[in-house]
file upload.cif (mmCIF, C-alpha atoms and all ligand atoms)
data_structure
#
loop_
_atom_site.group_PDB
_atom_site.id
_atom_site.type_symbol
_atom_site.label_atom_id
_atom_site.label_comp_id
_atom_site.auth_asym_id
_atom_site.auth_seq_id
_atom_site.Cartn_x
_atom_site.Cartn_y
_atom_site.Cartn_z
ATOM 1 C CA MET A 1 -21.793 13.550 10.069
ATOM 2 C CA LYS A 2 -20.670 14.433 13.493
ATOM 3 C CA GLY A 3 -23.355 15.167 16.043
ATOM 4 C CA THR A 4 -26.133 13.530 14.046
ATOM 5 C CA ALA A 5 -27.849 10.195 14.507
ATOM 6 C CA PHE A 6 -25.722 8.982 11.577
ATOM 7 C CA GLU A 7 -22.454 9.654 13.348
ATOM 8 C CA LYS A 8 -20.222 6.620 13.098
ATOM 9 C CA LYS A 9 -16.721 6.117 14.392
ATOM 10 C CA ALA A 10 -14.756 4.920 11.381
ATOM 11 C CA LEU A 11 -11.531 5.039 13.396
ATOM 12 C CA ASP A 12 -11.082 4.762 17.122
ATOM 13 C CA ASP A 13 -8.111 5.259 19.427
ATOM 14 C CA ILE A 14 -5.453 5.006 16.738
ATOM 15 C CA ASN A 15 -1.938 5.449 18.020
ATOM 16 C CA LEU A 16 0.599 4.872 15.341
ATOM 17 C CA LYS A 17 4.168 5.908 14.609
ATOM 18 C CA ILE A 18 5.861 5.210 11.325
ATOM 19 C CA LYS A 19 9.607 5.669 11.098
ATOM 20 C CA ASP A 20 11.429 7.368 8.297
ATOM 21 C CA GLY A 21 12.370 4.848 5.626
ATOM 22 C CA GLU A 22 10.068 2.093 6.877
ATOM 23 C CA ILE A 23 7.974 -0.102 4.611
ATOM 24 C CA VAL A 24 4.758 -0.898 6.436
ATOM 25 C CA GLY A 25 1.753 -2.951 5.405
ATOM 26 C CA ILE A 26 -1.816 -2.314 6.517
ATOM 27 C CA ILE A 27 -4.257 -5.227 6.374
ATOM 28 C CA GLY A 28 -7.765 -5.716 7.679
ATOM 29 C CA HIS A 29 -11.185 -6.905 6.590
ATOM 30 C CA THR A 30 -13.358 -4.848 4.261
ATOM 31 C CA GLY A 31 -14.652 -1.809 6.119
ATOM 32 C CA SER A 32 -12.067 -2.078 8.899
ATOM 33 C CA GLY A 33 -10.911 1.488 8.269
ATOM 34 C CA LYS A 34 -7.754 1.129 6.173
ATOM 35 C CA SER A 35 -8.654 3.688 3.525
ATOM 36 C CA THR A 36 -10.072 6.042 6.130
ATOM 37 C CA LEU A 37 -6.848 5.803 8.126
ATOM 38 C CA ILE A 38 -4.523 6.591 5.258
ATOM 39 C CA GLN A 39 -6.583 9.589 4.185
ATOM 40 C CA HIS A 40 -5.533 11.158 7.478
ATOM 41 C CA PHE A 41 -1.899 10.925 6.448
ATOM 42 C CA ASN A 42 -2.100 13.812 3.989
ATOM 43 C CA GLY A 43 -4.821 15.796 5.688
ATOM 44 C CA LEU A 44 -7.561 14.727 3.277
ATOM 45 C CA LEU A 45 -9.494 13.731 6.362
ATOM 46 C CA LYS A 46 -8.995 15.452 9.687
ATOM 47 C CA PRO A 47 -9.300 13.598 12.973
ATOM 48 C CA SER A 48 -12.189 14.751 15.177
ATOM 49 C CA TYR A 49 -9.874 14.189 18.119
ATOM 50 C CA GLY A 50 -6.084 13.945 18.237
ATOM 51 C CA ASN A 51 -3.536 14.903 15.628
ATOM 52 C CA VAL A 52 -1.366 13.733 12.785
ATOM 53 C CA SER A 53 2.225 14.938 12.561
ATOM 54 C CA ILE A 54 5.129 14.349 10.232
ATOM 55 C CA ASP A 55 8.817 14.487 11.172
ATOM 56 C CA SER A 56 7.897 14.744 14.841
ATOM 57 C CA ASN A 57 6.954 18.417 14.639
ATOM 58 C CA GLN A 58 3.637 19.973 13.831
ATOM 59 C CA THR A 59 4.777 21.974 10.826
ATOM 60 C CA ASN A 60 2.872 21.340 7.697
ATOM 61 C CA LYS A 61 4.853 18.796 5.749
ATOM 62 C CA ILE A 62 1.758 17.140 4.501
ATOM 63 C CA ASN A 63 2.710 17.872 0.894
ATOM 64 C CA GLN A 64 5.527 15.359 1.264
ATOM 65 C CA VAL A 65 2.934 12.611 1.483
ATOM 66 C CA GLY A 66 1.729 11.132 -1.791
ATOM 67 C CA ILE A 67 -1.331 8.901 -1.765
ATOM 68 C CA VAL A 68 -2.374 6.612 -4.590
ATOM 69 C CA PHE A 69 -6.027 5.849 -3.930
ATOM 70 C CA GLN A 70 -7.830 2.549 -4.059
ATOM 71 C CA GLN A 71 -10.016 3.874 -6.880
ATOM 72 C CA PRO A 72 -7.783 5.757 -9.316
ATOM 73 C CA GLU A 73 -10.880 7.442 -10.795
ATOM 74 C CA TYR A 74 -10.876 9.702 -7.745
ATOM 75 C CA GLN A 75 -7.584 11.258 -8.690
ATOM 76 C CA LEU A 76 -7.902 11.384 -12.469
ATOM 77 C CA PHE A 77 -9.957 14.305 -13.639
ATOM 78 C CA GLU A 78 -8.132 16.024 -16.495
ATOM 79 C CA ASP A 79 -9.025 15.686 -20.178
ATOM 80 C CA ASN A 80 -5.936 13.692 -21.041
ATOM 81 C CA VAL A 81 -3.312 11.581 -19.337
ATOM 82 C CA TYR A 82 -0.531 14.103 -19.895
ATOM 83 C CA ASN A 83 -2.444 16.831 -18.059
ATOM 84 C CA ASP A 84 -3.351 14.449 -15.281
ATOM 85 C CA ILE A 85 0.248 13.464 -14.619
ATOM 86 C CA ALA A 86 1.459 17.055 -15.041
ATOM 87 C CA TYR A 87 -1.232 18.504 -12.750
ATOM 88 C CA GLY A 88 0.841 18.750 -9.550
ATOM 89 C CA LEU A 89 3.908 20.116 -11.324
ATOM 90 C CA LYS A 90 1.886 22.732 -13.211
ATOM 91 C CA LYS A 91 0.424 23.906 -9.936
ATOM 92 C CA LYS A 92 3.983 24.506 -8.782
ATOM 93 C CA ASP A 93 4.695 26.531 -11.938
ATOM 94 C CA THR A 94 7.253 24.048 -13.214
ATOM 95 C CA PRO A 95 8.603 25.003 -16.667
ATOM 96 C CA ILE A 96 7.094 22.963 -19.481
ATOM 97 C CA GLU A 97 10.460 21.522 -20.641
ATOM 98 C CA ILE A 98 11.045 20.087 -17.179
ATOM 99 C CA ILE A 99 7.513 18.696 -17.032
ATOM 100 C CA ASP A 100 8.024 17.000 -20.415
ATOM 101 C CA LYS A 101 11.312 15.494 -19.311
ATOM 102 C CA LYS A 102 9.903 14.240 -16.033
ATOM 103 C CA ILE A 103 6.827 12.784 -17.707
ATOM 104 C CA ASN A 104 9.049 10.920 -20.120
ATOM 105 C CA GLU A 105 10.979 9.413 -17.221
ATOM 106 C CA ILE A 106 7.961 8.607 -15.101
ATOM 107 C CA MET A 107 6.162 6.820 -17.969
ATOM 108 C CA LYS A 108 9.070 4.400 -18.185
ATOM 109 C CA ILE A 109 9.133 3.933 -14.416
ATOM 110 C CA VAL A 110 5.433 3.050 -14.185
ATOM 111 C CA GLY A 111 5.573 0.999 -17.361
ATOM 112 C CA LEU A 112 3.274 3.001 -19.631
ATOM 113 C CA SER A 113 3.777 3.749 -23.317
ATOM 114 C CA ASN A 114 3.876 7.426 -24.339
ATOM 115 C CA ASP A 115 0.981 6.630 -26.718
ATOM 116 C CA VAL A 116 -1.480 6.936 -23.852
ATOM 117 C CA LEU A 117 -0.482 10.525 -23.008
ATOM 118 C CA ASN A 118 -3.055 11.975 -25.407
ATOM 119 C CA LYS A 119 -5.865 9.672 -24.360
ATOM 120 C CA SER A 120 -8.575 10.480 -21.869
ATOM 121 C CA PRO A 121 -7.875 8.689 -18.577
ATOM 122 C CA PHE A 122 -11.330 7.171 -18.881
ATOM 123 C CA GLU A 123 -10.416 5.339 -22.085
ATOM 124 C CA LEU A 124 -7.783 3.360 -20.208
ATOM 125 C CA SER A 125 -7.970 -0.062 -18.611
ATOM 126 C CA GLY A 126 -8.106 -0.346 -14.833
ATOM 127 C CA GLY A 127 -4.430 -1.265 -14.659
ATOM 128 C CA GLN A 128 -3.414 1.634 -16.873
ATOM 129 C CA LYS A 129 -5.477 4.062 -14.766
ATOM 130 C CA LYS A 130 -3.678 2.818 -11.679
ATOM 131 C CA ARG A 131 -0.325 3.448 -13.311
ATOM 132 C CA VAL A 132 -1.361 6.943 -14.414
ATOM 133 C CA ALA A 133 -2.520 7.774 -10.887
ATOM 134 C CA MET A 134 0.776 6.467 -9.566
ATOM 135 C CA ALA A 135 2.748 8.499 -12.118
ATOM 136 C CA GLY A 136 0.926 11.690 -11.079
ATOM 137 C CA ILE A 137 2.011 11.128 -7.494
ATOM 138 C CA LEU A 138 5.543 9.835 -8.109
ATOM 139 C CA ILE A 139 6.388 12.765 -10.353
ATOM 140 C CA LEU A 140 6.084 14.991 -7.278
ATOM 141 C CA GLU A 141 8.803 12.928 -5.551
ATOM 142 C CA PRO A 142 7.003 12.351 -2.250
ATOM 143 C CA LYS A 143 9.027 11.454 0.838
ATOM 144 C CA ILE A 144 6.241 9.226 2.055
ATOM 145 C CA LEU A 145 4.264 7.152 -0.407
ATOM 146 C CA VAL A 146 0.933 5.636 0.570
ATOM 147 C CA LEU A 147 -0.570 3.036 -1.754
ATOM 148 C CA ASP A 148 -4.095 1.746 -1.262
ATOM 149 C CA GLU A 149 -4.424 -1.639 -2.999
ATOM 150 C CA PRO A 150 -1.949 -0.759 -5.747
ATOM 151 C CA ALA A 151 -2.155 -4.176 -7.399
ATOM 152 C CA ALA A 152 -5.932 -4.630 -7.307
ATOM 153 C CA GLY A 153 -7.265 -5.353 -10.763
ATOM 154 C CA LEU A 154 -3.853 -5.952 -12.313
ATOM 155 C CA ASP A 155 -2.823 -9.159 -14.076
ATOM 156 C CA PRO A 156 -0.020 -11.257 -12.520
ATOM 157 C CA GLN A 157 2.687 -9.561 -14.593
ATOM 158 C CA GLY A 158 1.238 -6.143 -13.727
ATOM 159 C CA ARG A 159 1.213 -7.002 -10.022
ATOM 160 C CA GLU A 160 4.813 -8.090 -10.169
ATOM 161 C CA ASP A 161 5.812 -4.912 -12.007
ATOM 162 C CA ILE A 162 4.072 -2.668 -9.489
ATOM 163 C CA TYR A 163 5.601 -4.485 -6.541
ATOM 164 C CA ARG A 164 9.070 -4.373 -8.061
ATOM 165 C CA LEU A 165 8.586 -0.660 -8.586
ATOM 166 C CA ILE A 166 7.540 -0.202 -4.945
ATOM 167 C CA GLN A 167 10.556 -2.169 -3.749
ATOM 168 C CA ASN A 168 12.905 -0.105 -5.885
ATOM 169 C CA LEU A 169 11.442 3.153 -4.628
ATOM 170 C CA HIS A 170 11.964 1.976 -1.084
ATOM 171 C CA LYS A 171 15.461 0.589 -1.529
ATOM 172 C CA GLU A 172 16.982 3.068 -3.954
ATOM 173 C CA LYS A 173 15.166 6.296 -3.184
ATOM 174 C CA LYS A 174 14.694 5.532 0.522
ATOM 175 C CA ILE A 175 11.038 6.527 0.338
ATOM 176 C CA THR A 176 8.895 5.604 3.330
ATOM 177 C CA ILE A 177 6.151 3.296 2.065
ATOM 178 C CA ILE A 178 2.761 2.467 3.515
ATOM 179 C CA LEU A 179 1.015 -0.268 1.616
ATOM 180 C CA VAL A 180 -2.614 -1.294 2.030
ATOM 181 C CA SER A 181 -3.395 -4.701 0.578
ATOM 182 C CA HIS A 182 -5.829 -7.578 0.846
ATOM 183 C CA SER A 183 -3.305 -9.991 -0.535
ATOM 184 C CA MET A 184 -1.372 -11.663 2.242
ATOM 185 C CA GLU A 185 0.853 -13.466 -0.249
ATOM 186 C CA ASP A 186 1.916 -10.148 -1.746
ATOM 187 C CA ILE A 187 2.305 -8.199 1.448
ATOM 188 C CA VAL A 188 4.539 -10.698 3.258
ATOM 189 C CA THR A 189 7.171 -10.525 0.569
ATOM 190 C CA LEU A 190 7.257 -6.733 0.665
ATOM 191 C CA VAL A 191 6.958 -5.245 4.128
ATOM 192 C CA ASP A 192 8.963 -5.316 7.351
ATOM 193 C CA ARG A 193 6.067 -4.434 9.589
ATOM 194 C CA LEU A 194 2.360 -5.168 9.483
ATOM 195 C CA ILE A 195 -0.482 -3.205 11.003
ATOM 196 C CA VAL A 196 -3.714 -5.157 11.334
ATOM 197 C CA MET A 197 -6.941 -3.139 11.447
ATOM 198 C CA ASN A 198 -10.205 -4.396 12.840
ATOM 199 C CA ASP A 199 -13.387 -2.323 13.191
ATOM 200 C CA GLY A 200 -11.547 0.989 13.108
ATOM 201 C CA LYS A 201 -8.923 -0.047 15.645
ATOM 202 C CA ILE A 202 -5.377 -1.316 15.411
ATOM 203 C CA GLU A 203 -5.654 -4.980 16.366
ATOM 204 C CA MET A 204 -2.000 -5.933 15.917
ATOM 205 C CA ASP A 205 1.202 -4.149 15.006
ATOM 206 C CA GLY A 206 4.447 -6.057 14.569
ATOM 207 C CA THR A 207 6.764 -7.977 12.297
ATOM 208 C CA ILE A 208 5.310 -10.458 9.806
ATOM 209 C CA LYS A 209 6.317 -13.319 12.100
ATOM 210 C CA GLN A 210 4.716 -11.737 15.161
ATOM 211 C CA VAL A 211 1.451 -11.106 13.342
ATOM 212 C CA PHE A 212 1.087 -14.438 11.579
ATOM 213 C CA GLU A 213 2.196 -16.503 14.548
ATOM 214 C CA ASN A 214 -1.160 -15.795 16.087
ATOM 215 C CA LEU A 215 -3.297 -17.486 13.453
ATOM 216 C CA ASN A 216 -6.408 -17.800 15.621
ATOM 217 C CA ARG A 217 -6.462 -14.135 16.414
ATOM 218 C CA LEU A 218 -6.188 -13.288 12.715
ATOM 219 C CA GLU A 219 -8.904 -15.729 11.739
ATOM 220 C CA ASN A 220 -11.195 -14.381 14.427
ATOM 221 C CA ILE A 221 -11.178 -11.012 12.667
ATOM 222 C CA GLY A 222 -11.823 -12.474 9.245
ATOM 223 C CA LEU A 223 -8.257 -12.692 7.963
ATOM 224 C CA LYS A 224 -6.067 -15.539 6.877
ATOM 225 C CA ALA A 225 -2.341 -16.130 6.678
ATOM 226 C CA PRO A 226 -0.766 -16.734 3.259
ATOM 227 C CA GLN A 227 -1.738 -20.115 1.754
ATOM 228 C CA ILE A 228 1.757 -21.484 2.262
ATOM 229 C CA ARG A 229 1.239 -21.266 6.035
ATOM 230 C CA TYR A 230 -1.681 -23.734 5.739
ATOM 231 C CA PHE A 231 0.294 -25.940 3.396
ATOM 232 C CA MET A 232 3.066 -26.134 6.010
ATOM 233 C CA ARG A 233 0.510 -27.025 8.664
ATOM 234 C CA GLU A 234 -0.674 -29.966 6.555
ATOM 235 C CA LEU A 235 2.862 -31.023 5.761
ATOM 236 C CA LYS A 236 3.733 -31.011 9.444
ATOM 237 C CA LYS A 237 1.308 -33.909 9.841
ATOM 238 C CA LEU A 238 3.723 -35.936 7.689
ATOM 239 C CA ILE A 239 6.943 -34.366 8.998
ATOM 240 C CA PRO A 240 6.429 -33.705 12.727
ATOM 241 C CA ASN A 241 9.686 -31.769 13.168
ATOM 242 C CA LEU A 242 8.840 -29.283 10.429
ATOM 243 C CA ASN A 243 8.602 -25.602 11.362
ATOM 244 C CA GLU A 244 5.097 -24.625 10.212
ATOM 245 C CA ASN A 245 5.489 -20.932 11.032
ATOM 246 C CA ILE A 246 6.421 -19.989 7.509
ATOM 247 C CA PHE A 247 4.862 -17.386 5.262
ATOM 248 C CA THR A 248 6.690 -17.308 1.953
ATOM 249 C CA VAL A 249 7.357 -19.967 -0.669
ATOM 250 C CA LYS A 250 11.066 -19.206 -0.459
ATOM 251 C CA GLU A 251 11.206 -19.870 3.294
ATOM 252 C CA ALA A 252 9.105 -23.000 2.807
ATOM 253 C CA LYS A 253 11.578 -24.344 0.272
ATOM 254 C CA GLU A 254 14.456 -23.824 2.708
ATOM 255 C CA GLU A 255 12.566 -25.478 5.545
ATOM 256 C CA ILE A 256 11.488 -28.524 3.493
ATOM 257 C CA ARG A 257 15.013 -28.968 2.123
ATOM 258 C CA LYS A 258 16.192 -29.747 5.677
ATOM 259 C CA PHE A 259 14.189 -32.967 5.551
ATOM 260 C CA LEU A 260 15.220 -34.174 2.095
HETATM 261 N N1 LIG A 301 -17.689 8.675 3.063
HETATM 262 C C1 LIG A 301 -18.084 7.896 4.067
HETATM 263 N N2 LIG A 301 -19.162 8.226 4.821
HETATM 264 C C2 LIG A 301 -19.569 7.458 5.848
HETATM 265 N N3 LIG A 301 -18.950 6.311 6.213
HETATM 266 C C3 LIG A 301 -17.879 5.934 5.499
HETATM 267 C C4 LIG A 301 -17.386 6.684 4.390
HETATM 268 N N4 LIG A 301 -16.302 6.050 3.888
HETATM 269 C C5 LIG A 301 -16.135 4.959 4.657
HETATM 270 N N5 LIG A 301 -17.072 4.888 5.620
HETATM 271 C C6 LIG A 301 -17.195 3.842 6.637
HETATM 272 O O1 LIG A 301 -15.977 3.796 7.372
HETATM 273 C C7 LIG A 301 -15.614 2.453 7.651
HETATM 274 C C8 LIG A 301 -14.230 2.168 7.117
HETATM 275 O O2 LIG A 301 -14.222 2.225 5.702
HETATM 276 P P1 LIG A 301 -12.887 2.136 4.859
HETATM 277 O O3 LIG A 301 -13.209 2.515 3.454
HETATM 278 O O4 LIG A 301 -11.824 2.897 5.553
HETATM 279 O O5 LIG A 301 -12.579 0.571 4.947
HETATM 280 P P2 LIG A 301 -11.414 -0.276 4.271
HETATM 281 O O6 LIG A 301 -10.724 -1.012 5.373
HETATM 282 O O7 LIG A 301 -10.582 0.579 3.400
HETATM 283 O O8 LIG A 301 -12.229 -1.338 3.388
HETATM 284 P P3 LIG A 301 -11.870 -2.019 1.967
HETATM 285 O O9 LIG A 301 -10.959 -3.149 2.289
HETATM 286 O O10 LIG A 301 -13.185 -2.503 1.486
HETATM 287 O O11 LIG A 301 -11.246 -0.999 1.075
HETATM 288 C C9 LIG A 301 -16.699 1.577 7.021
HETATM 289 O O12 LIG A 301 -17.582 1.207 8.052
HETATM 290 C C10 LIG A 301 -17.376 2.490 6.026
HETATM 291 O O13 LIG A 301 -18.718 2.126 5.908
HETATM 292 MG MG MG A 302 -10.256 0.633 1.404
#
call {"tool": "encode", "arguments": {"input": "upload.cif", "output": "structure tokens"}}
result
Amino acid sequence: MKGTAFEKKALDDINLKIKDGEIVGIIGHTGSGKSTLIQHFNGLLKPSYGNVSIDSNQTNKINQVGIVFQQPEYQLFEDNVYNDIAYGLKKKDTPIEIIDKKINEIMKIVGLSNDVLNKSPFELSGGQKKRVAMAGILILEPKILVLDEPAAGLDPQGREDIYRLIQNLHKEKKITIILVSHSMEDIVTLVDRLIVMNDGKIEMDGTIKQVFENLNRLENIGLKAPQIRYFMRELKKLIPNLNENIFTVKEAKEEIRKFL
């Protein structure tokens, strides 16, 4: 609603480069602009000022970006799951035998049974919808995969499965991954770099260590480090030489072992 009294800057002064093959996390409080930001990555939203480019030139490579939305309902609109997953391939006139083969493969990858193919996407559970939405994107073999809260609403096993899948895609297929998540515990085990959003701006951009070292700054914008960081802070009161700057359970175990 540009030019009206309702105009609101959802994003402001964003300057961001993501390297080929990186796995980057985006965190930030509710309404900080994460979803708005990632919708610029495939041209779904256009910046009022500035530009978005892929592969350092301005050619349109936007179709190499696959986005799995926060609300899968927004990308499921066909009468059955098969047609939803096949949608992108059909648009590219892919022969039906190839579509069938790819769907078979992708169902295994996202952990869905072929029984759901004939169901309406709206008959599925939240977790299943998420997997269907992911399948519809992955089947197009994007070079850059953007996931907005991929594990939201999944049970612990489902979260683990999705994260393992993301890690495999990154490691084996060398896909560039941009992951939006509210869960600090999850994000620290997955990404190399973290971008912290606050009120439509990039507040911090660095390695996990760089971002979480500055606890006060994070807390001032409504975020928290993973729980283990606070546990280490408490433990340091008992073991003064302990390194409290630790963000994963695995690192914590190694650190505590030094004092046993
Ligand atoms: N369609 C829209 N029209 C007007 N304002 C919007 C629209 N979508 C989002 N906004 C506003 O843009 C800002 C950023 O919203 P966005 O959805 O990007 O936040 P977010 O960081 O993804 O939040 P969450 O963690 O809750 O998903 C918010 O102030 C929101 O109110
Ligand atoms: Mg969002």
call {"tool": "closest_residue", "arguments": {"input": "upload.cif", "among": "A:Lys101, A:Lys90, A:Lys174, A:Lys130", "to": "Gly21 (chain A)", "atoms": "only C-alpha atoms"}}
result
A:Lys174
call {"tool": "residues_near_ligand", "arguments": {"input": "upload.cif", "ligand": "ligand MG 302 (chain A)", "cutoff": "9 Å", "atoms": "only C-alpha atoms and all ligand atoms", "output": "JSON, numbers by chain"}}
result
{"A": [30, 31, 32, 33, 34, 35, 36, 69, 70, 71, 148, 149, 180, 181]}
call {"tool": "residues_near_ligand", "arguments": {"input": "upload.cif", "ligand": "ligand LIG 301 (chain A)", "cutoff": "12 Å", "atoms": "all atoms listed in the file", "output": "JSON, numbers by chain"}}
result
{"A": [1, 2, 6, 7, 8, 9, 10, 11, 12, 26, 27, 28, 29, 30, 31, 32, 33, 34, 35, 36, 37, 38, 39, 40, 44, 45, 69, 70, 71, 147, 148, 149, 150, 152, 179, 180, 181, 182, 183, 195, 196, 197, 198, 199, 200, 201, 202, 222, 223]}
call {"tool": "residues_around", "arguments": {"input": "upload.cif", "residues": "Gln167 (chain A)", "least_positions_apart": "5", "cutoff": "12 Å", "atoms": "all atoms listed in the file", "output": "ChimeraX atom specification"}}
result
/A:21-24,145,160-162,172-179,186-187,189-192
call {"tool": "residues_around", "arguments": {"input": "upload.cif", "residues": "Ile239 (chain A)", "least_positions_apart": "5", "cutoff": "12 Å", "atoms": "all atoms listed in the file", "output": "list in words"}}
result
Met232, Arg233, Glu234, Glu244, Glu255, Ile256, Arg257, Lys258, Phe259 and Leu260 of chain A
call {"tool": "closest_residue", "arguments": {"input": "upload.cif", "among": "A:Arg229, A:Leu235, A:Met184, A:Leu154", "to": "Val249 (chain A)", "atoms": "all atoms listed in the file"}}
result
A:Arg229
call {"tool": "atom_distance", "arguments": {"input": "upload.cif", "atom1": "CA of Gly25 (chain A)", "atom2": "CA of Leu194 (chain A)"}}
result
4.7 Å
